[in-house]
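Visitor: Just work-v4.txt, nothing more (compact mmCIF, C-alpha atoms):
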```txt
# COMPACT_ATOMS: atom_id res chain seq x y z
CA MET A 1 112.78 126.09 9.63
CA THR A 2 115.11 128.93 10.56
CA ASP A 3 118.90 129.03 10.66
CA ALA A 4 118.56 129.45 14.41
CA ASP A 5 116.65 126.19 14.62
CA GLU A 6 119.43 124.40 12.77
CA GLY A 7 122.05 125.93 15.02
CA ASN A 8 120.14 124.89 18.13
CA GLY A 9 119.65 121.30 16.95
CA ASN A 10 115.86 121.81 16.71
CA ALA A 11 115.57 120.74 13.06
CA GLN A 12 112.71 118.35 12.42
CA PRO A 13 114.04 114.81 11.88
CA SER A 14 113.72 113.30 8.43
CA GLU A 15 111.53 110.29 7.68
CA HIS A 16 114.55 108.02 7.50
CA GLU A 17 115.77 109.28 10.87
CA ALA A 18 112.34 108.54 12.33
CA ILE A 19 112.47 105.02 10.87
CA GLU A 20 115.92 104.45 12.37
CA ALA A 21 114.69 105.68 15.76
CA LEU A 22 111.72 103.30 15.65
CA GLU A 23 114.07 100.44 14.79
CA HIS A 24 116.19 101.34 17.83
CA LEU A 25 112.98 101.09 19.87
CA GLY A 26 112.50 97.52 18.74
CA LEU A 27 110.47 97.64 15.51
CA SER A 28 111.53 95.78 12.38
CA ASN A 29 112.23 97.92 9.33
CA TYR A 30 108.97 97.02 7.61
CA ALA A 31 106.96 97.54 10.80
CA ALA A 32 108.52 100.98 11.23
CA TRP A 33 107.56 101.97 7.67
CA VAL A 34 104.02 100.65 8.11
CA PHE A 35 103.63 102.53 11.39
CA VAL A 36 104.80 105.78 9.78
CA ALA A 37 102.46 105.21 6.82
CA LEU A 38 99.50 104.77 9.17
CA GLN A 39 100.22 108.18 10.71
CA ARG A 40 99.59 109.64 7.24
CA LEU A 41 96.63 107.44 6.39
CA GLY A 42 94.85 107.26 9.72
CA VAL A 43 93.16 104.04 8.59
CA GLY A 44 94.40 101.93 5.70
CA THR A 45 94.24 98.61 3.94
CA ALA A 46 97.35 96.59 3.06
CA LYS A 47 97.23 98.02 -0.47
CA GLU A 48 96.94 101.60 0.76
CA ILE A 49 99.80 101.07 3.20
CA HIS A 50 101.86 99.55 0.38
CA ASP A 51 101.17 102.56 -1.83
CA VAL A 52 102.26 105.04 0.87
CA ALA A 53 105.12 103.16 2.54
CA GLY A 54 106.55 101.29 -0.44
CA VAL A 55 106.66 98.11 1.66
CA PRO A 56 106.01 95.01 -0.47
CA ARG A 57 102.33 94.19 -0.11
CA SER A 58 103.15 90.62 0.93
CA GLN A 59 105.19 92.04 3.84
CA VAL A 60 102.57 94.52 5.04
CA TYR A 61 100.52 91.78 6.71
CA GLY A 62 103.42 90.48 8.77
CA ALA A 63 104.54 93.98 9.72
CA ALA A 64 100.99 94.92 10.73
CA GLU A 65 100.72 91.73 12.79
CA GLU A 66 103.97 92.68 14.54
CA LEU A 67 102.58 96.12 15.34
CA GLU A 68 99.32 94.62 16.55
CA GLY A 69 101.23 92.27 18.86
CA LEU A 70 103.06 95.26 20.33
CA GLY A 71 99.80 97.08 20.93
CA LEU A 72 100.55 99.77 18.37
CA VAL A 73 97.91 98.94 15.76
CA GLU A 74 94.23 97.97 15.83
CA LEU A 75 92.75 95.63 13.24
CA GLN A 76 89.28 95.90 11.73
CA GLN A 77 87.92 92.52 10.59
CA SER A 78 86.54 93.77 7.28
CA THR A 79 87.08 92.80 3.68
CA PRO A 80 89.72 93.83 2.98
CA LYS A 81 91.23 94.16 6.46
CA ARG A 82 91.84 97.69 7.64
CA TYR A 83 94.48 98.86 10.08
CA ARG A 84 94.58 101.89 12.38
CA SER A 85 97.38 103.15 14.61
CA VAL A 86 96.73 103.74 18.30
CA SER A 87 97.29 107.30 19.53
CA LEU A 88 100.87 108.51 19.55
CA ASP A 89 100.75 108.96 23.34
CA ALA A 90 99.68 105.33 23.72
CA ALA A 91 102.36 104.21 21.25
CA HIS A 92 105.00 106.21 23.10
CA ARG A 93 104.06 104.60 26.43
CA CYS A 94 103.94 101.14 24.89
CA LEU A 95 107.36 101.38 23.22
CA ALA A 96 108.92 102.90 26.33
CA GLU A 97 107.52 100.10 28.47
CA ASN A 98 108.71 97.44 26.02
CA LEU A 99 112.16 98.98 25.93
CA GLN A 100 112.32 99.10 29.73
CA ASN A 101 111.18 95.47 29.96
CA GLU A 102 113.91 94.40 27.55
CA ALA A 103 116.49 96.36 29.54
CA ASN A 104 115.27 94.73 32.75
CA ARG A 105 115.54 91.28 31.20
CA ALA A 106 119.08 91.94 30.06
CA PHE A 107 120.26 93.42 33.34
CA ASN A 108 118.54 90.75 35.44
CA TYR A 109 120.62 88.19 33.59
CA LEU A 110 123.78 90.31 33.89
CA GLU A 111 123.24 90.70 37.64
CA ALA A 112 122.81 86.95 38.02
CA ALA A 113 125.95 86.33 35.97
CA ARG A 114 127.92 88.81 38.05
CA ALA A 115 126.64 87.31 41.31
CA GLU A 116 127.72 83.87 40.14
CA ARG A 117 131.14 85.20 39.23
CA THR A 118 131.71 87.26 42.40
CA ALA A 119 130.63 84.44 44.70
CA GLY A 120 134.08 82.93 44.41
CA GLU A 121 136.01 86.04 43.47
CA THR A 122 139.17 87.08 45.28
CA ARG A 123 140.32 90.67 45.10
CA ASP A 124 144.04 90.41 44.56
CA ASP A 125 144.36 93.18 42.02
CA VAL A 126 144.81 96.88 41.57
CA TRP A 127 142.38 98.34 39.04
CA THR A 128 142.75 101.40 36.83
CA ILE A 129 139.85 103.62 35.74
CA ARG A 130 140.12 106.37 33.14
CA GLY A 131 137.61 109.16 32.71
CA HIS A 132 135.89 111.50 35.14
CA GLU A 133 132.44 109.88 34.86
CA PRO A 134 133.68 106.28 35.23
CA VAL A 135 135.61 107.34 38.34
CA ASN A 136 132.44 109.00 39.69
CA ASN A 137 130.54 105.75 39.19
CA ARG A 138 133.17 103.63 40.91
CA VAL A 139 133.40 106.01 43.88
CA ILE A 140 129.63 105.85 44.39
CA GLU A 141 129.59 102.06 44.08
CA LEU A 142 132.35 101.69 46.69
CA VAL A 143 130.62 104.14 49.04
CA GLU A 144 127.38 102.16 48.75
CA GLN A 145 129.23 99.01 49.88
CA SER A 146 130.55 100.62 53.08
CA GLN A 147 129.59 99.13 56.42
CA GLU A 148 131.62 101.02 59.01
CA ARG A 149 133.49 104.05 57.78
CA VAL A 150 133.95 106.29 54.72
CA LEU A 151 136.64 108.94 54.35
CA PHE A 152 136.41 111.03 51.19
CA ALA A 153 138.77 113.84 50.24
CA ALA A 154 138.56 116.13 47.21
CA PRO A 155 140.00 119.54 46.35
CA SER A 156 136.99 121.08 44.61
CA LEU A 157 133.29 120.80 43.79
CA LEU A 158 134.28 119.25 40.45
CA PHE A 159 134.37 115.92 42.29
CA ILE A 160 131.11 116.36 44.23
CA THR A 161 128.03 115.12 42.38
CA ASP A 162 124.47 114.98 43.64
CA ASP A 163 124.61 111.17 43.42
CA LEU A 164 127.72 111.11 45.62
CA VAL A 165 126.09 113.37 48.22
CA LYS A 166 123.04 111.11 48.18
CA ALA A 167 125.16 107.97 48.63
CA LEU A 168 127.12 109.49 51.52
CA ARG A 169 123.92 110.71 53.18
CA GLU A 170 122.32 107.27 52.90
CA ARG A 171 125.35 105.51 54.39
CA ALA A 172 125.48 108.03 57.24
CA ALA A 173 121.79 107.34 57.90
CA ASN A 174 122.75 103.66 58.22
CA ASN A 175 125.23 104.40 61.03
CA VAL A 176 128.31 104.50 58.81
CA ASP A 177 130.90 107.04 60.00
CA VAL A 178 131.12 109.40 56.99
CA ARG A 179 133.80 112.08 56.86
CA VAL A 180 134.61 114.52 54.06
CA VAL A 181 137.92 116.36 53.96
CA SER A 182 138.78 119.29 51.70
CA GLU A 183 140.82 122.48 51.69
CA SER A 184 137.95 123.99 49.69
CA ALA A 185 135.37 125.91 51.71
CA ASP A 186 132.88 125.32 48.87
CA VAL A 187 133.18 121.56 49.31
CA ARG A 188 132.76 121.81 53.08
CA ASP A 189 129.75 124.11 52.64
CA ARG A 190 128.17 121.58 50.29
CA PHE A 191 127.96 119.10 53.16
CA GLU A 192 127.03 121.59 55.87
CA THR A 193 123.34 120.63 55.73
CA VAL A 194 123.86 116.90 55.09
CA PRO A 195 122.85 115.06 58.29
CA ASP A 196 125.54 113.03 60.10
CA VAL A 197 128.25 113.78 57.53
CA SER A 198 131.30 115.51 59.00
CA ALA A 199 133.16 117.92 56.69
CA SER A 200 136.46 119.48 57.73
CA GLY A 201 139.62 120.96 56.26
CA PRO A 202 143.24 121.72 57.16
CA ASP A 203 144.10 124.80 59.19
CA GLU A 204 146.69 125.69 56.56
CA GLU A 205 147.01 125.15 52.83
CA PRO A 206 148.38 121.65 52.12
CA PRO A 207 152.00 121.51 50.99
CA VAL A 208 151.08 119.68 47.75
CA ASP A 209 148.63 121.00 45.18
CA PHE A 210 146.65 117.76 44.91
CA THR A 211 144.30 117.61 41.92
CA GLY A 212 142.49 114.31 42.47
CA ARG A 213 140.34 112.60 45.06
CA VAL A 214 140.82 110.02 47.77
CA LEU A 215 138.35 107.46 49.06
CA LEU A 216 138.86 105.08 51.97
CA VAL A 217 136.12 102.59 52.81
CA ASP A 218 136.08 100.46 55.96
CA ARG A 219 139.89 100.64 56.10
CA ARG A 220 140.02 97.91 53.45
CA VAL A 221 139.26 99.78 50.20
CA VAL A 222 141.28 102.63 48.75
CA LEU A 223 140.79 104.74 45.63
CA LEU A 224 143.20 107.45 44.48
CA SER A 225 142.80 109.65 41.42
CA VAL A 226 144.76 112.36 39.68
CA VAL A 227 143.90 114.94 37.04
CA PRO A 228 147.07 115.84 35.09
CA ASN A 229 147.68 119.54 34.60
CA VAL A 230 147.70 119.07 30.84
CA PRO A 231 144.97 120.42 28.53
CA GLY A 232 142.68 117.65 27.35
CA SER A 233 143.81 115.18 30.00
CA ASP A 234 141.15 113.29 31.92
CA GLU A 235 141.03 111.94 35.44
CA THR A 236 142.68 108.59 36.11
CA ALA A 237 142.20 106.53 39.25
CA ILE A 238 143.51 103.34 40.82
CA TRP A 239 141.57 101.36 43.37
CA SER A 240 142.05 98.19 45.33
CA ALA A 241 140.07 96.22 47.90
CA ASP A 242 141.07 93.60 50.48
CA THR A 243 144.71 93.65 49.42
CA ALA A 244 147.96 94.33 51.23
CA MET A 245 148.39 97.49 49.17
CA ALA A 246 144.94 98.75 50.10
CA ASP A 247 145.69 98.14 53.77
CA ILE A 248 149.04 99.94 53.67
CA LEU A 249 147.77 102.90 51.64
CA SER A 250 144.72 103.28 53.89
CA GLN A 251 146.93 103.54 56.97
CA ILE A 252 149.33 106.00 55.33
CA ILE A 253 146.62 108.22 53.89
CA GLU A 254 144.48 108.26 57.01
CA GLY A 255 147.53 108.98 59.14
CA GLY A 256 148.52 111.89 56.90
CA ILE A 257 145.04 113.40 56.96
CA GLU A 258 144.78 112.92 60.70
CA SER A 259 148.06 114.75 61.24
CA MET A 260 146.78 117.73 59.23
CA ILE A 261 143.27 117.88 60.58
CA GLY A 262 142.81 115.51 63.48
CA PHE A 263 139.74 113.37 64.02
```
Please, can you express the file's structure as structure tokens?

Guide:
Amino acid sequence: MTDADEGNGNAQPSEHEAIEALEHLGLSNYAAWVFVALQRLGVGTAKEIHDVAGVPRSQVYGAAEELEGLGLVELQQSTPKRYRSVSLDAAHRCLAENLQNEANRAFNYLEAARAERTAGETRDDVWTIRGHEPVNNRVIELVEQSQERVLFAAPSLLFITDDLVKALRERAANNVDVRVVSESADVRDRFETVPDVSASGPDEEPPVDFTGRVLLVDRRVVLLSVVPNVPGSDETAIWSADTAMADILSQIIEGGIESMIGF
């Protein structure tokens, strides 16, 4: 291994790091050690696996049974029993599929729990979000809920992600009136080829050097963010839906933009 490899993060992981990674993928500690040992042995008995992996011999059988149940190991009914790992490509697919299935199970439950909670939810609050990526995610989620109209304003491409463009394009394709406003020509150019999305800007530079973004959805949801002009500071946003504040802010903001640009 070269110094350049270390600097680029290309160093080969250690055996213990591989074991930890396999545990994160769902294997027990003993099963991970047995699986690694079988990569060295190819085919092995419980004793041979014990000799290589250091797993107590009495635990090898249970670990091998776990691996067999996951489709990672094949068993030969001989005396003594012999174990062989499936190919690494097959193991990779199997573990990835198992991990995805577990994630699906968890999120299916979480979605059901959220649906149960939101069924009787009232939105009488103003929420604060901190961090550029969390604000991105909330903006996209609010855009995806739009039914009639979306007005999005941002001063630079920093606030324009591919996922946002996709969400705006999809809502426009569903007959939602989507409008993007920016003093930045780069932002307007980004939407030039997006069907049914109108992008416009003020004739003159705005009087305030605004550093955040604005989102209005269906005249009932408002999100405002700001990026402080302080090194190391992150974006912070407030948003509200179906509240008196959201209604008032939506009217004020839309009126101000309309006076600068006109719709």

Visitor: CA of Glu102 in chain A and CA of Thr161 in chain A are how many Å apart?

Guide: 29.1 Å

Visitor: For a quick check of understanding, using all atoms listed in the file, which of A:Pro56, A:Trp127, A:Glu65, A:Glu148 has the smallest distance to Val222 in chain A?

Guide: A:Trp127

Visitor: For the atom pair CA of Ala112 in chain A and CA of Asn137 in chain A, what is the interatomic distance in Å to one decimal place?

Guide: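 Result for CA of Ala112 in chain A versus CA of Asn137 in chain A: 20.4 Å, one decimal.
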
Visitor: Grab the CA of Phe191 in chain A to CA of Ile129 in chain A distance for me, in Å with one decimal place.

Guide: 26.2 Å

Visitor: Return the single residue from A:Ala103, A:Val226, A:Leu142, A:Leu27 that is closest to Arg213 in chain A, with distances computed using only C-alpha atoms.

Guide: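 Between A:Ala103, A:Val226, A:Leu142, A:Leu27, the residue approaching Arg213 in chain A most closely is A:Val226.
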
Visitor: Considering all atoms listed in the file, state which residue in the set A:Leu41, A:Val150, A:Val34, A:Ala90 is at the smallest distance from Arg179 in chain A.

Guide: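 Ranked by minimum distance to Arg179 in chain A, first place goes to A:Val150.
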
Visitor: Which residues are near Asp234 in chain A? Cut-off 7 Å, only C-alpha atoms, ignore same chain within fewer than 5 positions. Put them as a list in words.

Guide: Gly131, His132 and Val227 of chain A

Visitor: Take the residues just selected and output them with C-alpha atoms as an mmCIF file, in the frame of the given file.

Guide:
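Dumped everything to again29.cif:
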```cif
data_model
loop_
_atom_site.group_PDB
_atom_site.id
_atom_site.type_symbol
_atom_site.label_atom_id
_atom_site.label_comp_id
_atom_site.auth_asym_id
_atom_site.auth_seq_id
_atom_site.Cartn_x
_atom_site.Cartn_y
_atom_site.Cartn_z
ATOM 1 C CA GLY A 131 137.610 109.160 32.710
ATOM 2 C CA HIS A 132 135.890 111.500 35.140
ATOM 3 C CA VAL A 227 143.900 114.940 37.040
#
```

Visitor: Contacts of Arg84 in chain A at 10 Å or less, counting all atoms listed in the file, minus same-chain residues fewer than 2 places along, as a PyMOL selection string?

Guide: chain A and resi 35+38-39+41-45+64+68+72-76+82+86-87
